[in-house]
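Structure file entry.txt (compact mmCIF, C-alpha atoms) is printed below.
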# COMPACT_ATOMS: atom_id res chain seq x y z
CA MET K 1 0.00 0.00 0.00
CA TYR K 2 1.24 3.49 -0.89
CA GLN K 3 2.29 5.50 2.17
CA ALA K 4 3.32 9.05 1.34
CA ALA K 5 4.76 9.64 4.83
CA VAL K 6 7.46 7.02 4.25
CA TRP K 7 8.75 9.01 1.26
CA HIS K 8 8.24 12.50 2.70
CA ASP K 9 11.85 13.22 3.72
CA TYR K 10 13.31 11.90 0.47
CA PHE K 11 11.08 13.97 -1.81
CA MET K 12 11.37 17.01 0.46
CA MET K 13 15.17 16.87 0.25
CA VAL K 14 15.27 16.26 -3.51
CA GLY K 15 12.60 18.87 -4.24
CA GLY K 16 14.33 21.48 -2.09
CA GLY K 17 17.66 20.72 -3.72
CA ALA K 18 16.13 21.01 -7.19
CA ALA K 19 14.51 24.34 -6.32
CA ALA K 20 17.79 25.76 -4.98
CA LEU K 21 19.77 24.53 -7.98
CA THR K 22 17.16 25.92 -10.38
CA GLY K 23 17.59 29.38 -8.87
CA LEU K 24 21.38 29.23 -8.94
CA VAL K 25 21.51 27.96 -12.51
CA PHE K 26 18.98 30.54 -13.66
CA VAL K 27 21.09 33.37 -12.24
CA ALA K 28 24.30 31.94 -13.71
CA MET K 29 22.65 31.57 -17.12
CA SER K 30 21.25 35.08 -17.05
CA LEU K 31 24.80 36.43 -16.76
CA HIS K 32 25.64 34.80 -20.11
CA LEU K 33 22.32 35.15 -21.90
CA ASP K 34 23.74 36.45 -25.21
CA GLU K 35 26.24 33.59 -25.52
CA ILE K 36 23.60 30.99 -24.63
CA ALA K 37 21.01 32.40 -27.02
CA SER K 38 23.46 32.52 -29.94
CA ASP K 39 24.63 28.88 -29.80
CA PRO K 40 22.31 25.88 -30.49
CA ALA K 41 24.17 23.56 -28.10
CA HIS K 42 24.13 26.14 -25.30
CA ARG K 43 20.41 26.81 -25.87
CA HIS K 44 19.71 23.08 -25.69
CA ARG K 45 21.68 22.65 -22.47
CA ALA K 46 20.05 25.69 -20.87
CA ARG K 47 16.55 24.61 -21.89
CA THR K 48 16.92 21.03 -20.75
CA ILE K 49 18.71 21.85 -17.49
CA LEU K 50 16.06 24.36 -16.42
CA THR K 51 13.26 22.08 -17.60
CA GLY K 52 14.79 19.10 -15.84
CA LEU K 53 15.37 20.82 -12.51
CA THR K 54 11.95 22.46 -12.55
CA ALA K 55 10.32 19.15 -13.41
CA VAL K 56 12.11 17.41 -10.52
CA PHE K 57 10.72 20.05 -8.18
CA ILE K 58 7.22 19.60 -9.65
CA ARG K 59 7.37 15.81 -9.38
CA CYS K 60 8.50 16.02 -5.77
CA ALA K 61 5.69 18.47 -4.97
CA LEU K 62 3.13 16.18 -6.60
CA VAL K 63 4.33 13.18 -4.59
CA LEU K 64 4.11 15.24 -1.39
CA MET K 65 0.55 16.44 -1.99
CA GLY K 66 -1.60 14.85 0.69
CA GLY K 67 -4.59 12.60 0.31
CA GLN K 68 -3.58 10.97 -2.96
CA SER K 69 -3.52 7.32 -3.86
CA GLY K 70 -0.44 5.70 -5.34
CA GLN K 71 -2.24 5.51 -8.68
CA ALA K 72 -2.93 9.26 -8.67
CA VAL K 73 0.72 10.01 -7.89
CA ALA K 74 1.84 7.60 -10.61
CA LEU K 75 -0.39 9.24 -13.21
CA GLU K 76 0.87 12.69 -12.26
CA LEU K 77 4.47 11.53 -12.53
CA ILE K 78 3.84 9.95 -15.93
CA VAL K 79 2.21 13.11 -17.29
CA VAL K 80 5.07 15.34 -16.12
CA LEU K 81 7.66 12.88 -17.46
CA VAL K 82 5.99 12.75 -20.89
CA VAL K 83 6.05 16.56 -21.04
CA VAL K 84 9.76 16.61 -20.09
CA GLU K 85 10.57 13.87 -22.62
CA THR K 86 8.78 15.84 -25.33
CA ILE K 87 10.72 19.00 -24.50
CA LEU K 88 13.99 17.05 -24.41
CA TYR K 89 13.30 15.45 -27.80
CA ARG K 90 12.29 18.70 -29.47
CA SER K 91 15.27 20.51 -27.97
CA ILE K 92 17.90 18.01 -29.14
CA ARG K 93 16.27 17.83 -32.57
CA ASP K 94 16.49 21.61 -32.87
CA ALA K 95 20.05 21.73 -31.52
CA LEU K 96 21.32 19.07 -33.91
CA ARG K 97 19.52 20.59 -36.88
CA THR K 98 20.90 24.10 -36.30
CA ALA K 99 24.38 23.24 -35.01
CA THR K 100 27.27 24.32 -37.19
CA SER K 101 29.44 21.38 -36.15
CA ALA K 102 28.90 17.77 -35.08
CA GLN K 103 27.78 17.40 -31.47
CA PRO K 104 28.13 13.68 -30.59
CA TRP K 105 28.55 14.27 -26.85
CA LEU K 106 25.49 16.49 -26.76
CA LEU K 107 23.44 13.70 -28.28
CA LEU K 108 24.92 11.04 -25.96
CA ARG K 109 24.29 13.14 -22.84
CA THR K 110 20.73 13.77 -24.00
CA LEU K 111 20.19 10.04 -24.51
CA GLY K 112 21.50 9.43 -21.00
CA SER K 113 19.04 11.96 -19.60
CA PHE K 114 16.24 10.38 -21.61
CA ILE K 115 17.10 6.93 -20.20
CA CYS K 116 16.88 8.35 -16.66
CA LEU K 117 13.41 9.68 -17.45
CA LEU K 118 12.35 6.29 -18.83
CA ILE K 119 13.56 4.58 -15.65
CA GLU K 120 11.42 6.97 -13.65
CA GLN K 121 8.48 6.39 -15.95
CA ALA K 122 8.82 2.62 -15.56
CA GLY K 123 8.84 3.09 -11.79
CA ALA K 124 5.68 5.20 -12.03
CA VAL K 125 3.99 2.46 -14.06
CA VAL K 126 4.98 -0.10 -11.39
CA LEU K 127 3.54 2.24 -8.74
CA PHE K 128 0.36 2.62 -10.77
CA LEU K 129 0.02 -1.16 -10.84
CA GLY K 130 0.08 -1.19 -7.04
CA ASN K 131 3.69 -1.91 -6.16
CA THR K 132 5.19 0.93 -4.11
CA GLY K 133 8.64 -0.42 -4.95
CA GLY K 134 8.22 1.56 -8.16
CA LEU K 135 9.08 4.67 -6.16
CA TYR K 136 12.61 3.29 -5.79
CA ALA K 137 12.98 3.35 -9.57
CA VAL K 138 11.50 6.86 -9.61
CA GLY K 139 14.07 7.90 -6.99
CA VAL K 140 17.01 6.28 -8.78
CA GLY K 141 16.00 7.81 -12.12
CA MET K 142 15.58 11.21 -10.51
CA MET K 143 18.96 11.11 -8.78
CA ALA K 144 20.68 9.86 -11.93
CA SER K 145 19.09 12.78 -13.81
CA PHE K 146 20.80 15.14 -11.38
CA ILE K 147 24.16 13.89 -12.63
CA PHE K 148 23.27 14.97 -16.16
CA MET K 149 21.71 18.27 -15.07
CA VAL K 150 24.53 19.38 -12.77
CA THR K 151 27.32 18.33 -15.12
CA GLY K 152 25.37 19.85 -18.02
CA ALA K 153 25.13 23.13 -16.13
CA TRP K 154 28.88 23.01 -15.52
CA LEU K 155 29.59 22.28 -19.19
CA LEU K 156 27.28 25.11 -20.21
CA LEU K 157 28.95 27.64 -17.94
CA VAL K 158 32.43 26.51 -18.94
CA GLY K 159 31.36 26.70 -22.58
CA VAL K 160 30.03 30.25 -22.33
CA GLY K 161 32.91 31.24 -20.08
CA THR K 162 35.41 30.45 -22.82
CA VAL K 163 33.82 32.94 -25.21
CA GLN K 164 36.22 35.85 -25.50
CA PRO K 165 34.62 39.28 -25.16
CA SER K 166 35.19 41.50 -28.15
CA VAL K 167 37.90 44.08 -27.63
CA ALA K 168 36.61 47.64 -27.70
CA ARG K 169 38.27 49.73 -30.39
CA THR K 170 39.30 53.26 -29.60
Translate the structure of the given file into structure tokens.
Amino acid sequence: MYQAAVWHDYFMMVGGGAAALTGLVFVAMSLHLDEIASDPAHRHRARTILTGLTAVFIRCALVLMGGQSGQAVALELIVVLVVVETILYRSIRDALRTATSAQPWLLLRTLGSFICLLIEQAGAVVLFLGNTGGLYAVGVGMMASFIFMVTGAWLLLVGVGTVQPSVART
């Protein structure tokens, strides 16, 4: 039987961490907005990192909402995950189509993120079918996603940090 109280601390910690990271990444990205907006790979990373972190926060909040059955939580998770997967797919498609050079690592990292989302989705399906053990898969997928989001944020900031400012002519 689904018992939200058992998972409260886990989803509170992960949701709070995602919210804090979202704010920090948003501020860091806003300092380099021109560089991010002008490069397809940077736009993709920025879009998927912010989407991913925000979606983790939303999923945690949905799990923590009181008075829900395991099936309701599972359906909510699946809906949010499908939205995130759609954004991820459209973003990588756009990035690869508009990139001026080959981006194999961008594609591989995106596939890794997508696999994490599928693991979560499988866990949500297991939860929907009545087995609360599915929340372990949701948790593992969510934590594995953090690896891609945090390292992606680092790669984005390093990438925009290497852009040399134009020298003012006098």
Exercise for review: Fewer than 2 positions away in the same chain doesn't count, so skip those; otherwise give me all residues within 12 Å of segment 70-75 of chain K, counting all atoms listed in the file, as a PyMOL selection string.
Suggested key: chain K and resi 1-4+7+58-68+77-82+120-135+137-138
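Nearest to Ala18 of chain K of all the residues K:Val150, K:Val84, K:Ile115, K:Leu106 is K:Val150, counting all atoms listed in the file.
If you look at atom CA of Gly139 of chain K and atom CA of Met29 of chain K, they are 27.1 Å away from each other.
When all atoms listed in the file are used to compute distances to Thr162 of chain K, the closest of the residues K:Val140, K:Ile36, K:Ala55, K:Ala95 turns out to be K:Ile36.
Nearest residue to Thr86 of chain K among K:Thr22, K:Thr48, K:Thr98, K:Leu53 is K:Thr48, counting all atoms listed in the file.
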Box for segment 26-34 of chain K - axis-aligned, 8 Å on each of the six sides, all listed atoms - centre and size in Å to one decimal, as AutoDock Vina command-line options.
--center_x 22.3 --center_y 33.5 --center_z -18.7 --size_x 22.7 --size_y 21.9 --size_z 29.0
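When all atoms listed in the file are used to compute distances to Arg97 of chain K, the closest of the residues K:Ile49, K:Met13, K:Val160, K:Ala41 turns out to be K:Ala41.
Closest approach to Ala99 of chain K from the set K:Gly141, K:Pro40, K:Gly17, K:Gly152 is made by K:Pro40, with distances taken over only C-alpha atoms.
Near (19.3, 28.4, -9.7), the residues inside the 12 Å limit, counting all atoms listed in the file, come to K:Gly16, K:Gly17, K:Ala18, K:Ala19, K:Ala20, K:Leu21, K:Thr22, K:Gly23, K:Leu24, K:Val25, K:Phe26, K:Val27, K:Ala28, K:Met29, K:Ser30, K:Ala46, K:Ile49, K:Leu50, K:Thr51, K:Leu53, K:Thr54, K:Met149, K:Val150, K:Ala153.
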May I have the residues from that selection written out with C-alpha atoms, as a compact mmCIF listing (two decimals), in the coordinates of the input?
# COMPACT_ATOMS: atom_id res chain seq x y z
CA GLY K 16 14.33 21.48 -2.09
CA GLY K 17 17.66 20.72 -3.72
CA ALA K 18 16.13 21.01 -7.19
CA ALA K 19 14.51 24.34 -6.32
CA ALA K 20 17.79 25.76 -4.98
CA LEU K 21 19.77 24.53 -7.98
CA THR K 22 17.16 25.92 -10.38
CA GLY K 23 17.59 29.38 -8.87
CA LEU K 24 21.38 29.23 -8.94
CA VAL K 25 21.51 27.96 -12.51
CA PHE K 26 18.98 30.54 -13.66
CA VAL K 27 21.09 33.37 -12.24
CA ALA K 28 24.30 31.94 -13.71
CA MET K 29 22.65 31.57 -17.12
CA SER K 30 21.25 35.08 -17.05
CA ALA K 46 20.05 25.69 -20.87
CA ILE K 49 18.71 21.85 -17.49
CA LEU K 50 16.06 24.36 -16.42
CA THR K 51 13.26 22.08 -17.60
CA LEU K 53 15.37 20.82 -12.51
CA THR K 54 11.95 22.46 -12.55
CA MET K 149 21.71 18.27 -15.07
CA VAL K 150 24.53 19.38 -12.77
CA ALA K 153 25.13 23.13 -16.13
